[in-house]
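**Student:** One structure coming up, written as structure tokens, with questions to follow.
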Amino acid sequence: MINDPKSAHFIAWTEHGTSFVVSNVGEFSRSILGSHFKHNNFSSFVRQLNMYGFHKINRTPRAQRTSSDAQTWEFSHHKFLRGRPDLLDEIKRKALLEGQGGINVGPESVRARVELPGEVAAQLGSMREDYRRVWEVLMAERRKNERLTGLLRSLWDVVGKGFPGSRTVFRCCMVTFCRDFSFLTPTFL
């Protein structure tokens, strides 16, 4: 698209060939984007460029900026250089997460990794360790809950067998107990 003479008045290399310029965004979207992509939305085009590591270079002074249709947009990528098609294979999408909507922290969820700054990586490691500890405590409490439920179930059986007619009294006590200790969920009542 950038080397196509038909689109030269909308998109072209800069003088040094280290970036490219898109002029007349509205006409570029209507005329050029639709023939190269499944859309003709300039914002989607910019989003795609960002996902592949391109950066916008803002050369228009803030006071001179008008509507986005008339603006000139310049983009660069250190591996997207005029006359260097051999570098194109090295331009990769930044990161691709499974599910696209949720955040999965397991190693199987990341297909391509982005290098994190040291401080962020340390915080992430610390958060993962905290999560692991909380998970272990939760599992220990769940096991305690299951043992207590088993004990109460056994008591229920003993009271029913040893003291005929006393199950009603015991049941009332258990309902009160469970209401006070709602974390226990006796399924035997």
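Labels for the structure tokens follow display order: chains A, B, ..., residues from 1 in each chain, ligands from 1.
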Residues within 8 Å of Thr72 in chain A, please, as a list in words. Count only C-alpha atoms; anything in the same chain fewer than 3 positions from it doesn't count.
**Tutor:**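 Residues near the query, excluding close chain neighbours: Val21, Val22, Ser23, Asn24, Val25 and Thr60 of chain A.
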**Student:** Show which residues sit within 12 Å of Asn40 in chain A, as JSON, numbers by chain. Count only C-alpha atoms, and ignore same-chain residues fewer than 2 positions away.
**Tutor:** {"A": [25, 26, 27, 28, 29, 30, 31, 32, 33, 34, 35, 36, 37, 38, 42, 43, 44, 45, 46]}
**Student:** Write to file, as a PDB file, in the first residue's frame, the residues of the selection just made, with N, CA, C and O atoms.
**Tutor:**
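Saved file again-v3.pdb follows:
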```pdb
ATOM      1  N   VAL A  25      -6.814  11.998   6.027  1.00  0.00           N
ATOM      2  CA  VAL A  25      -7.267  10.752   6.646  1.00  0.00           C
ATOM      3  C   VAL A  25      -8.639  10.312   6.131  1.00  0.00           C
ATOM      4  O   VAL A  25      -8.863   9.128   5.865  1.00  0.00           O
ATOM      5  N   GLY A  26      -9.540  11.243   5.955  1.00  0.00           N
ATOM      6  CA  GLY A  26     -10.886  10.891   5.485  1.00  0.00           C
ATOM      7  C   GLY A  26     -10.875  10.228   4.122  1.00  0.00           C
ATOM      8  O   GLY A  26     -11.458   9.160   3.919  1.00  0.00           O
ATOM      9  N   GLU A  27     -10.181  10.842   3.188  1.00  0.00           N
ATOM     10  CA  GLU A  27     -10.101  10.287   1.832  1.00  0.00           C
ATOM     11  C   GLU A  27      -9.267   9.004   1.813  1.00  0.00           C
ATOM     12  O   GLU A  27      -9.579   8.059   1.101  1.00  0.00           O
ATOM     13  N   PHE A  28      -8.200   8.956   2.620  1.00  0.00           N
ATOM     14  CA  PHE A  28      -7.383   7.745   2.744  1.00  0.00           C
ATOM     15  C   PHE A  28      -8.254   6.575   3.224  1.00  0.00           C
ATOM     16  O   PHE A  28      -8.192   5.476   2.666  1.00  0.00           O
ATOM     17  N   SER A  29      -9.100   6.835   4.219  1.00  0.00           N
ATOM     18  CA  SER A  29      -9.981   5.779   4.748  1.00  0.00           C
ATOM     19  C   SER A  29     -10.957   5.292   3.698  1.00  0.00           C
ATOM     20  O   SER A  29     -11.156   4.090   3.531  1.00  0.00           O
ATOM     21  N   ARG A  30     -11.568   6.232   2.992  1.00  0.00           N
ATOM     22  CA  ARG A  30     -12.567   5.861   1.985  1.00  0.00           C
ATOM     23  C   ARG A  30     -11.944   5.176   0.768  1.00  0.00           C
ATOM     24  O   ARG A  30     -12.464   4.191   0.257  1.00  0.00           O
ATOM     25  N   SER A  31     -10.813   5.674   0.314  1.00  0.00           N
ATOM     26  CA  SER A  31     -10.226   5.182  -0.938  1.00  0.00           C
ATOM     27  C   SER A  31      -9.277   4.006  -0.776  1.00  0.00           C
ATOM     28  O   SER A  31      -9.268   3.105  -1.602  1.00  0.00           O
ATOM     29  N   ILE A  32      -8.466   4.022   0.247  1.00  0.00           N
ATOM     30  CA  ILE A  32      -7.354   3.069   0.345  1.00  0.00           C
ATOM     31  C   ILE A  32      -7.631   1.935   1.330  1.00  0.00           C
ATOM     32  O   ILE A  32      -7.420   0.764   0.998  1.00  0.00           O
ATOM     33  N   LEU A  33      -8.069   2.253   2.540  1.00  0.00           N
ATOM     34  CA  LEU A  33      -8.199   1.218   3.578  1.00  0.00           C
ATOM     35  C   LEU A  33      -9.087   0.052   3.158  1.00  0.00           C
ATOM     36  O   LEU A  33      -8.736  -1.100   3.375  1.00  0.00           O
ATOM     37  N   GLY A  34     -10.226   0.359   2.576  1.00  0.00           N
ATOM     38  CA  GLY A  34     -11.166  -0.697   2.199  1.00  0.00           C
ATOM     39  C   GLY A  34     -10.595  -1.691   1.205  1.00  0.00           C
ATOM     40  O   GLY A  34     -10.993  -2.850   1.183  1.00  0.00           O
ATOM     41  N   SER A  35      -9.639  -1.277   0.399  1.00  0.00           N
ATOM     42  CA  SER A  35      -9.065  -2.198  -0.594  1.00  0.00           C
ATOM     43  C   SER A  35      -7.945  -3.064  -0.005  1.00  0.00           C
ATOM     44  O   SER A  35      -7.539  -4.032  -0.629  1.00  0.00           O
ATOM     45  N   HIS A  36      -7.464  -2.720   1.194  1.00  0.00           N
ATOM     46  CA  HIS A  36      -6.388  -3.487   1.813  1.00  0.00           C
ATOM     47  C   HIS A  36      -6.811  -4.195   3.105  1.00  0.00           C
ATOM     48  O   HIS A  36      -6.122  -5.104   3.551  1.00  0.00           O
ATOM     49  N   PHE A  37      -7.904  -3.734   3.703  1.00  0.00           N
ATOM     50  CA  PHE A  37      -8.377  -4.306   4.966  1.00  0.00           C
ATOM     51  C   PHE A  37      -9.871  -4.598   4.873  1.00  0.00           C
ATOM     52  O   PHE A  37     -10.527  -4.199   3.924  1.00  0.00           O
ATOM     53  N   LYS A  38     -10.405  -5.268   5.908  1.00  0.00           N
ATOM     54  CA  LYS A  38     -11.831  -5.596   5.933  1.00  0.00           C
ATOM     55  C   LYS A  38     -12.670  -4.406   6.373  1.00  0.00           C
ATOM     56  O   LYS A  38     -13.865  -4.521   6.558  1.00  0.00           O
ATOM     57  N   PHE A  42     -10.321   4.499  10.074  1.00  0.00           N
ATOM     58  CA  PHE A  42      -8.949   4.923  10.351  1.00  0.00           C
ATOM     59  C   PHE A  42      -8.537   4.610  11.796  1.00  0.00           C
ATOM     60  O   PHE A  42      -7.394   4.223  12.053  1.00  0.00           O
ATOM     61  N   SER A  43      -9.456   4.735  12.749  1.00  0.00           N
ATOM     62  CA  SER A  43      -9.136   4.422  14.148  1.00  0.00           C
ATOM     63  C   SER A  43      -8.743   2.958  14.294  1.00  0.00           C
ATOM     64  O   SER A  43      -7.822   2.628  15.054  1.00  0.00           O
ATOM     65  N   SER A  44      -9.405   2.062  13.583  1.00  0.00           N
ATOM     66  CA  SER A  44      -9.046   0.645  13.625  1.00  0.00           C
ATOM     67  C   SER A  44      -7.668   0.419  13.014  1.00  0.00           C
ATOM     68  O   SER A  44      -6.885  -0.404  13.498  1.00  0.00           O
ATOM     69  N   PHE A  45      -7.375   1.155  11.962  1.00  0.00           N
ATOM     70  CA  PHE A  45      -6.060   1.077  11.316  1.00  0.00           C
ATOM     71  C   PHE A  45      -4.966   1.492  12.311  1.00  0.00           C
ATOM     72  O   PHE A  45      -3.957   0.808  12.473  1.00  0.00           O
ATOM     73  N   VAL A  46      -5.185   2.599  13.019  1.00  0.00           N
ATOM     74  CA  VAL A  46      -4.223   3.084  14.015  1.00  0.00           C
ATOM     75  C   VAL A  46      -4.075   2.070  15.143  1.00  0.00           C
ATOM     76  O   VAL A  46      -2.963   1.790  15.600  1.00  0.00           O
TER      77      VAL A  46
END
```
**Student:** Give me the residues near Thr14 in chain A as a PyMOL selection string, where near means some atom within 10 Å (using only C-alpha atoms) and where sequence neighbours in that chain fewer than 3 positions away do not count.
**Tutor:** chain A and resi 11+17-21+74-76+82
**Student:** Here is a test: counting only C-alpha atoms, which residue of A:Val158, A:Leu81, A:Ile91, A:Leu138 is nearest to Leu49 in chain A?
**Tutor:** A:Ile91
**Student:** For Gly83 in chain A, which of A:Lys6, A:Gly160, A:Arg153, A:His16 is the closest residue, counting only C-alpha atoms?
**Tutor:**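 Among the listed residues, A:His16 lies closest to Gly83 in chain A.
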**Student:** At what distance in Å, to one decimal, does CA of Trp73 in chain A lie from CA of Asn58 in chain A?
**Tutor:**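 Value for the CA of Asn58 in chain A-CA of Trp73 in chain A distance: 7.1 Å.
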